[in-house]
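J.: Structure in structure tokens, see below.
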Amino acid sequence: MEQGTMAFERGSVLRGVAAGVLALSVLGVAACSSNKPPKTFTTQSDEGGFQPFGLFKKDAPKSAPSEGSIGVNGFLWRASLDTLAFMPLASADPYGGVIVTDWYVNPEKPDERFKATVYILDTRLRADGLNVTVFKQAKDASGAWIDTAAADQTATDIENAILTRARQLRLSNIKTN
């Protein structure tokens, strides 16, 4: 009779421990929640470069970022989308600043196709805040697509077109304000 009672008591103790662990886990997960709104990102910064001690500046109060703003320069982002509008868009990440197009076949040269990736690297409108990579494929005799090297000038021409369009957008924004 004693063995049966001990097994029953041991089982109830383990159930109590398991219930306690479960209750603490639920409390721990509930403590991770927050009522704070998600952080937003600004599109343009007046400060230049990396500021390791920027938190301690007391010169000018920072304005709150507007809702719905993107994490990269808005003019470069819009200009990139405008410039590559003739190519099908595979993906666009406004917070990471990456635009990837799908393969584009020029109707005048159906045996070649191009794909572009645009990286916007800065929140400021700068020439070095943009990087374009162009991929090229050509059809071989059997009709299969083979990777070939795209001319370096192609990526440079697309970068220049994006920068020119971004400057136009910025100037038109200044004139209207």
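Each chain in the structure tokens gets a letter, A, B, ..., in the order shown, and its residues are numbered from 1; ligands are numbered from 1 in order too.
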Could you pull out the strand (DSSP E or B) residues of range 58-136 of chain A from DSSP and send them as a VMD selection string?

T.: chain A and resid 89 to 93 98 to 101 104 to 105 112 to 120 130 to 136

J.: Would you mind writing down, as a PyMOL selection string, each residue of range 73-123 of chain A that DSSP on the backbone assigns to helix (DSSP H, G or I)?

T.: chain A and resi 74-83

J.: May I have the selected residues written with C-alpha atoms, as a PDB file, in the first residue's frame?

T.:
```pdb
ATOM      1  CA  GLY A  74      13.956  58.446 -51.854  1.00  0.00           C
ATOM      2  CA  PHE A  75      15.256  60.167 -54.994  1.00  0.00           C
ATOM      3  CA  LEU A  76      17.659  57.312 -55.808  1.00  0.00           C
ATOM      4  CA  TRP A  77      14.913  54.781 -55.116  1.00  0.00           C
ATOM      5  CA  ARG A  78      12.365  56.462 -57.380  1.00  0.00           C
ATOM      6  CA  ALA A  79      14.965  57.132 -60.085  1.00  0.00           C
ATOM      7  CA  SER A  80      16.062  53.474 -60.037  1.00  0.00           C
ATOM      8  CA  LEU A  81      12.500  52.282 -60.499  1.00  0.00           C
ATOM      9  CA  ASP A  82      11.908  54.847 -63.259  1.00  0.00           C
ATOM     10  CA  THR A  83      15.124  53.994 -65.104  1.00  0.00           C
TER      11      THR A  83
END
```

J.: Pick out the residues sitting within 8 Å of Trp103 in chain A, and hand them over as a PyMOL selection string; count only C-alpha atoms, and ignore anything fewer than 3 positions along from it in its own chain.

T.: chain A and resi 87-88+113-115

J.: Nearest to Gln168 in chain A: which of A:Phe135, A:Asp152, A:Glu112, A:Leu125 is it, counting only C-alpha atoms?

T.: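 Answer, going by the shortest atom-to-atom distance: A:Leu125.
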
J.: Work out how far CA of Leu130 in chain A is from CA of Gly71 in chain A, in Å to one decimal.

T.: 13.9 Å

J.: One decimal, Å: what's the distance from CA of Pro110 in chain A over to CA of Thr156 in chain A, could you say?

T.: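 Separation of CA of Pro110 in chain A and CA of Thr156 in chain A: 23.2 Å.
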